[in-house]
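Worksheet for the structure shown next.
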Amino acid sequence: MKAFRRIGAKLTAAVGVTALVTVSVFAYFNIRQHRRSLLAEVERHAVQLSEAVKSGTEYDMLLNQRDRVHESIKRMGRQEGIGRIRVLNKSGAVIYSSDEAEIGHMVDKSAEACTRCHQAGSPLERLAMKERTRVFRAGSGEPRMLGVINPIYNQPSCWTAACHVHSRAQTVLGVLDVTLPLALVERDILRGQAGIVVFSVTATAALAVIVAAVFRRWVDEPVEELLEATRRVAGGDLAYRIQPRSDDELGELARSFDDMTRRLSEARLQLFQSDKLASLGRLAAGVAHEINNPLTGVLTYASFLVKRTADRPELQEDLKVIVRETIRSREIVKSLLDFSRQSVPRKAEADLNAIIARAAGSVENQFAAAHVRLALDLAEGLPRAAVDSNQMQQVFINLFVNAADAMAPKGGTVAVSSAARTLSPVGTMPIKAALCPKRHSLLDPEVKVGGKPSIRVKVRANGSEGLAYLDPVYGKAGHRHAGSLESAAPALFSCPECSLSLMKEGASCPACGAGVYTFESPPKGMVEGCARKGCLWQRWEAVDGSGQTEFIEVRVSDTGSGIPKENLDRIFEPFFTTKGQKGNGLGLAVIWGIVDNHNGTISVESEVGSGTSFLVRIPVKV
Amino acid sequence: MKQRRDILVVDDEAVVTAAVARVCGQEGLSVDQAEGGPAGLAFLEAAEYRLVLCDVMMPGMDGFRFMAELEARGVRAPLVMATGYSTVENAVRALAQGAVDCLPKPFTAEELLAVVRRGLACGRLLSAAPGRPGADALPFVPCPARYHRLGRVAWASVEADGTALVGLDDLFLKSISGVRSIELSAVDEVLGQARDCAVVVAGDGTRHPVMAPLSGRVLRANAAADPVLVEKDPYFEGWLYRIVPQDLDLELGRLTPCSSDRA
């Protein structure tokens with residue numbers, strides 16, 4: 001039964017039923033008309049025949065040549081397609097008949113041939129043409145017949161004829177009764193009916209099949225693909241894409257679905273990273289505190305022993321290993337702390353090209369040994385960017401070393417290029433102030449999104465209230481919702497301080513039609529956004545209008561082993577490593593954190609076997 | 001009359017206090033170990049110490065509250081803050097509250113001894129100051145009034161052109177056994193407030209890292225900063241760096257104005 005719950009099946013059924021009804025009605029009237037016209041034809045034929053017989057025998061009758069009349073009628077009656085021809089006189093006796101056995105018999109007035117005139121007391125003398133014909137059966141089981149009664153009226157020639165059989169007073173002298181069997185006609189009718197029925201059924205069936213095929217192709221399949229996609233996405237597979245072929249509304253829906261999943265996966269990655277970084281920050285702080293105490297014990301005693309065993313070189317060597325490795329552990333803990341962004345970047349205007357060159361210089365020797373060449377293609381006249389030089393240098397060193405590692409052991413070339421780019425502010429511009437109409441600040445330094453104070457608003461939807469922490473980066477989607485607001489219903493935003501509404505009256509989201517919230521971000525005017533959870537539309541006219549943001553774009557490409565697709569989404573995760581013992585899985589996570597702290601972005605493209613390319617974008621102005 | 005002891009080490013981790021006691025004890029210093037702030041205060045009731053070494057993160061009473069308690073009780077012993085959670089905030093705050101130095105954990109025996117020796121020297125120098133009237137008798141020169149200092153380690157002076165000069169505090173220099181050499185960061189490197197920006201190698205070979213008072217890119221490192229000049233004129237000719245400061249307003253607020261020393 002499941003098949004019948006499908007939209008295609010339902011539509012097919014609906015079209016099929018409509019077609020069936022239409023065709024049936026058409027067939028019904030067609031059959032009726034067909035039947036009528038055939039019968040009318042037979043009737044006309046019968047009447048004509050009747051008239052022919054009448055006029056053919058009239059002369060013989062006037063001459064009272066009974067034998068000739070008899071013979072004529074007999075012969076005519078033998079013709080194929082003629083049932084019986086007979087002449088009855090006024091009293092009902094059969095005078096002539098093609099069926100000789102009948103001659104002389106009296107016909108009862110109630111006989112089917114007579115009832116037309118004799119049914120109402122005194123007999124009718126005139127009959128309309130239509131009333132002269134009748135369709136009857138000689139008996140049950142007998143074939144149907146068409147009878148035509150042709151009254152023979154008294155005429156002057158009749159009473160003046162030499163035979164003097166008829167007197168002048170008579171009106172009707174007798175009746176010519178011609179009957180024709182309808183078997184042939186009925187067979188035609190049946191054949192016609194059968195044809196129409198077969199046609200109707202075939203047409204309906206063919207229509208149903210075509211419609212079903214069309215629906216399957218245009219409706220069922222795309223809907224199934226969409227369903228499958230929603231299932232996959234709901235199951236957490238945000239990399240799933242429909243890739244629709246059609247250009248109709250369903251194709252458009254599928255494309256917007258793909259677009260939605262793409263943005264969702266980006267947002268999730270961002271959110272995931274921020275969450276992970278935040279929890280890792282706490283973890284790192286805890287670990288740093290906990291592990292540094294035991295490390296202090298090890299390091300202090302070991303270094304103390306080194307001092308005290310100056311006269312015993314065989315012990316010193318070993319103790320120095322302990323000291324060295326403990327100091328290494330100390331550096332790891334320190335890098336964990338650095339990574340956890342306890343250390344805020346210290347930005348100053350710097351020339352990124354110079355930083356890249358410094359980073360390149362510091363890995364030169366290491367690379368030469370590994371047969372790796374650094375090919376720098378740095379754009380001249382780049383604007384200076386506000387960055388933490390040390391951190392950015394670390395970013396580039398890490399990227400260079402990763403690239404070299406990917407090409408080990410045979411080596412190759414790491415291509416590094418820099419360029420100035422102008423990009424849209426969406427997703428890059430931080431919202432650094434947010435005020436309600438009563439000028440309460442909405443920024444909440446307690447709850448951070450992406451490491452920056454979030455914009456806290458009170459949200460009311462479906463009768464329940466909660467708080468939402470909006471992503472303080474324009475166009476970024478790291479909004480967090482607290483409380484019981486699970487639904488994606490349109491919500492009303494208000495200031496958590498004074499409860500004054502933040503909704504923009506009369507405005508609706510151009511993306512989904514829900515309400516629009518707005519707050520002031522001095523000195524850059526009003527920020528607007530969609531109040532429906534899940535809708536990511538935002539507008540910030542002052543920023544949109546001020547044009548685009550200048551970025552410095554640095555691309556680091558290698559021709560190494562590449563990164564498998566399933567790992568691409570994970571490489572920026574802390575502790576994710578493909579280097580086994582060699583890496584601690586923090587390198588790219590640290591880079592991600594640093595770039596994010598600079599309001600920049602980092603992305604990766606990779607093809608297994610042909611290489612990987614990292615793209616870092618750093619805004620020129622903070 | 002209170003008993004006189006050299007060092008009180010306060011830490012919730014026994015292994016740390018034991019390690020300090022072991023290393024310093026070997027140097028002939030008397031060390032008491034207190035597991036936590038309240039125990040440390042109890043020791044301070046019973047004895048007078050030449051130096052207190054205290055952890056930041058301790059359950060119950062943290063290092064900052066412990067410092068405040070010392071202040072309230074009029075304990076004059078210099079304090080070195082040891083921390084496993086070395087953030088800029090912790091270091092700056094500890095120095096602003098009067099700690100003579102910070103010691104990030106984990107530390108080697110050499111690092112510990114370098115800080116301890118310097119701390120003891122600071123204690124001597126500071127306790128010599130108030131007892132004697134007359135500025136010329138002061139065993140160290142305080143920084144000029146318009147300067148700002150990070151603890152008693154380094155000073156910063158904002159110049160008219162917007163750059164800042166960074167140098168060493170005289171107490172820092174006097175607390176080590178003469179300057180043998182100074183290792184500086186290179187031009188264009190970026191200093192971070194309360195992060196190590198230079199290492200002063202003392203006459204006895206001990207290495208003393210110096211925390212930067214301000215963040216900023218190094219415009220010039222003072223080529224003339226030879227040990228003799230720095231020791232002789234730490235506040236003027238003996239400056240270390242000229243930097244382009246970054247977050248001047250915020251960071252300056254965390255430093256101690258030298259003018260407050262004259263009040």
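Residues in the structure tokens are numbered from 1 in each chain, the chains being A, B, ... in the order shown, and ligands are numbered from 1 in the order shown.
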**OP:** Could you please tell me, as a PyMOL selection string, which residues of chain A have an atom within 7 Å of chain B when using only C-alpha atoms?
**Re:** chain A and resi 285+288-289+292-293+295-297+299-301+303-304+330+342+346-348+389-390
Give me a file of those residues, with N, CA and C atoms, as a compact mmCIF listing (two decimals), in the first residue's frame.
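Result file selection_17.txt:
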# COMPACT_ATOMS: atom_id res chain seq x y z
N ALA A 285 43.67 24.93 30.09
CA ALA A 285 43.99 25.66 31.32
C ALA A 285 44.07 24.69 32.48
N ALA A 288 47.15 22.52 32.01
CA ALA A 288 48.36 23.29 32.27
C ALA A 288 48.61 23.36 33.76
N HIS A 289 47.55 23.64 34.49
CA HIS A 289 47.71 23.75 35.94
C HIS A 289 48.06 22.41 36.57
N ASN A 292 51.53 20.92 35.18
CA ASN A 292 52.73 21.71 35.45
C ASN A 292 53.29 21.42 36.84
N ASN A 293 52.44 21.03 37.77
CA ASN A 293 52.95 20.71 39.10
C ASN A 293 53.82 19.46 39.10
N LEU A 295 55.23 18.23 36.54
CA LEU A 295 56.39 18.55 35.70
C LEU A 295 57.41 19.36 36.47
N THR A 296 56.92 20.22 37.36
CA THR A 296 57.84 21.01 38.19
C THR A 296 58.70 20.08 39.03
N GLY A 297 58.02 19.07 39.61
CA GLY A 297 58.76 18.08 40.40
C GLY A 297 59.85 17.44 39.56
N LEU A 299 61.18 18.35 36.64
CA LEU A 299 62.17 19.27 36.08
C LEU A 299 63.12 19.79 37.15
N THR A 300 62.57 20.15 38.30
CA THR A 300 63.40 20.70 39.35
C THR A 300 64.41 19.67 39.84
N TYR A 301 63.87 18.48 40.16
CA TYR A 301 64.78 17.45 40.70
C TYR A 301 65.80 17.03 39.67
N SER A 303 66.99 18.73 37.05
CA SER A 303 68.01 19.75 36.80
C SER A 303 68.91 19.90 38.03
N PHE A 304 68.31 19.68 39.18
CA PHE A 304 69.07 19.73 40.42
C PHE A 304 70.13 18.62 40.42
N ARG A 330 57.07 20.99 28.64
CA ARG A 330 56.67 22.33 29.06
C ARG A 330 56.27 23.17 27.85
N GLN A 342 44.19 31.76 25.27
CA GLN A 342 44.35 32.56 26.47
C GLN A 342 45.21 33.75 26.08
N ARG A 346 48.55 40.14 19.55
CA ARG A 346 49.01 41.52 19.75
C ARG A 346 49.29 42.08 18.37
N LYS A 347 48.30 42.85 17.91
CA LYS A 347 48.36 43.26 16.51
C LYS A 347 49.09 44.58 16.33
N ALA A 348 49.84 44.61 15.27
CA ALA A 348 50.48 45.86 14.86
C ALA A 348 50.55 45.82 13.35
N SER A 389 52.54 39.64 14.36
CA SER A 389 53.58 39.11 13.47
C SER A 389 54.05 37.73 13.89
N ASN A 390 54.25 37.57 15.20
CA ASN A 390 54.73 36.27 15.67
C ASN A 390 53.75 35.16 15.35
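Residues with any atom within 10 Å of A:Val107, counting only C-alpha atoms and excluding same-chain neighbours fewer than 2 positions away, are Leu88, Asn89, Ser91, Gly92, Ala93, Val94, Glu102, Gly104, His105, Lys109, Ser110, Ala111, Glu112, Ala113 and Cys114 of chain A.
Close contacts of A:Arg384, defined as residues with an atom at most 9 Å away when counting only C-alpha atoms, with chain neighbours fewer than 6 positions off set aside, comprise Glu349, Ala350, Asp351, Leu352, Ile552, Val620 and Lys621 of chain A.
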Subject >> Nearest candidate to A:Pro510 (options A:His440, A:Arg282, A:Lys524, A:Arg532; using only C-alpha atoms) >> reply: A:Arg532
Original post:
Residues at most 10 Å from A:Ile196, counting only C-alpha atoms, excluding those fewer than 4 positions away in the same chain, as a VMD selection string?
Top reply: chain A and resid 23 to 24 26 to 28 30 to 31 190 to 192 200 to 202
Subject >> Distance in Å - atom CA of B:Glu69 versus atom CA of B:Ser175 >> reply: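 So the answer is 25.4 Å.
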**OP:** Name the residues in contact with A:Glu100 at a cut-off of 12 Å, using only C-alpha atoms, excluding same-chain residues fewer than 2 positions from it; report them as a PyMOL selection string.
**Re:** chain A and resi 70-71+73-75+77-78+84-87+94-98+102-105
Original post:
Just asking: which residues within stretch 83-174 of chain B are helix (DSSP H, G or I) according to DSSP, as a VMD selection string?
Top reply: chain B and resid 88 to 96 109 to 131 135 to 137 170 to 174
**OP:** Just give me the gap between atom CA of A:Leu615 and atom CA of A:Glu553 in Å, one decimal is fine.
**Re:** 6.9 Å
Subject >> All strand (DSSP E or B) residues (DSSP, backbone) inside stretch 85-169 of chain B, as a PyMOL selection string >> reply: chain B and resi 101-104+148-150+154-158+164-168
Could those selected residues go to a file with N, CA and C atoms, as a PDB file, in the first residue's frame?
ATOM      1  N   ASP B 101      58.693  39.294  41.196  1.00  0.00           N
ATOM      2  CA  ASP B 101      58.858  38.595  39.918  1.00  0.00           C
ATOM      3  C   ASP B 101      57.840  37.462  39.808  1.00  0.00           C
ATOM      4  N   CYS B 102      57.794  36.909  38.597  1.00  0.00           N
ATOM      5  CA  CYS B 102      56.928  35.751  38.370  1.00  0.00           C
ATOM      6  C   CYS B 102      57.795  34.591  37.922  1.00  0.00           C
ATOM      7  N   LEU B 103      57.393  33.403  38.301  1.00  0.00           N
ATOM      8  CA  LEU B 103      58.150  32.210  37.930  1.00  0.00           C
ATOM      9  C   LEU B 103      57.191  31.197  37.315  1.00  0.00           C
ATOM     10  N   PRO B 104      57.208  31.089  35.979  1.00  0.00           N
ATOM     11  CA  PRO B 104      56.272  30.150  35.375  1.00  0.00           C
ATOM     12  C   PRO B 104      56.681  28.701  35.629  1.00  0.00           C
ATOM     13  N   HIS B 148      56.183  54.620  33.504  1.00  0.00           N
ATOM     14  CA  HIS B 148      55.346  53.576  34.105  1.00  0.00           C
ATOM     15  C   HIS B 148      56.197  52.331  34.246  1.00  0.00           C
ATOM     16  N   ARG B 149      55.937  51.568  35.308  1.00  0.00           N
ATOM     17  CA  ARG B 149      56.774  50.380  35.493  1.00  0.00           C
ATOM     18  C   ARG B 149      55.930  49.120  35.626  1.00  0.00           C
ATOM     19  N   LEU B 150      56.558  48.019  35.202  1.00  0.00           N
ATOM     20  CA  LEU B 150      55.938  46.698  35.384  1.00  0.00           C
ATOM     21  C   LEU B 150      56.622  46.076  36.572  1.00  0.00           C
ATOM     22  N   ALA B 154      60.704  46.277  34.736  1.00  0.00           N
ATOM     23  CA  ALA B 154      60.984  47.089  33.551  1.00  0.00           C
ATOM     24  C   ALA B 154      60.133  48.342  33.576  1.00  0.00           C
ATOM     25  N   TRP B 155      60.571  49.327  32.811  1.00  0.00           N
ATOM     26  CA  TRP B 155      59.792  50.563  32.720  1.00  0.00           C
ATOM     27  C   TRP B 155      59.462  50.862  31.269  1.00  0.00           C
ATOM     28  N   ALA B 156      58.453  51.692  31.079  1.00  0.00           N
ATOM     29  CA  ALA B 156      58.084  52.147  29.741  1.00  0.00           C
ATOM     30  C   ALA B 156      57.832  53.638  29.811  1.00  0.00           C
ATOM     31  N   SER B 157      58.228  54.344  28.750  1.00  0.00           N
ATOM     32  CA  SER B 157      58.006  55.781  28.712  1.00  0.00           C
ATOM     33  C   SER B 157      57.442  56.130  27.341  1.00  0.00           C
ATOM     34  N   VAL B 158      56.256  56.740  27.353  1.00  0.00           N
ATOM     35  CA  VAL B 158      55.641  57.103  26.082  1.00  0.00           C
ATOM     36  C   VAL B 158      56.226  58.423  25.616  1.00  0.00           C
ATOM     37  N   ALA B 164      57.325  54.298  22.179  1.00  0.00           N
ATOM     38  CA  ALA B 164      57.584  54.137  23.600  1.00  0.00           C
ATOM     39  C   ALA B 164      58.982  53.584  23.793  1.00  0.00           C
ATOM     40  N   LEU B 165      59.628  54.050  24.855  1.00  0.00           N
ATOM     41  CA  LEU B 165      60.928  53.488  25.220  1.00  0.00           C
ATOM     42  C   LEU B 165      60.715  52.472  26.326  1.00  0.00           C
ATOM     43  N   VAL B 166      61.513  51.428  26.262  1.00  0.00           N
ATOM     44  CA  VAL B 166      61.408  50.370  27.250  1.00  0.00           C
ATOM     45  C   VAL B 166      62.791  50.142  27.841  1.00  0.00           C
ATOM     46  N   GLY B 167      62.836  50.008  29.156  1.00  0.00           N
ATOM     47  CA  GLY B 167      64.131  49.766  29.784  1.00  0.00           C
ATOM     48  C   GLY B 167      63.994  48.966  31.063  1.00  0.00           C
ATOM     49  N   LEU B 168      65.137  48.782  31.743  1.00  0.00           N
ATOM     50  CA  LEU B 168      65.142  47.955  32.950  1.00  0.00           C
ATOM     51  C   LEU B 168      65.063  48.824  34.196  1.00  0.00           C
TER      52      LEU B 168
END
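Of the residues under consideration (B:Gly162, B:Gly25, B:Pro227, B:Gly63), B:Pro227 shows the shortest atom-to-atom contact distance to B:Gly203 when counting only C-alpha atoms.
You will find atom CA of B:Pro144 at 13.6 Å from atom CA of B:Gly238.
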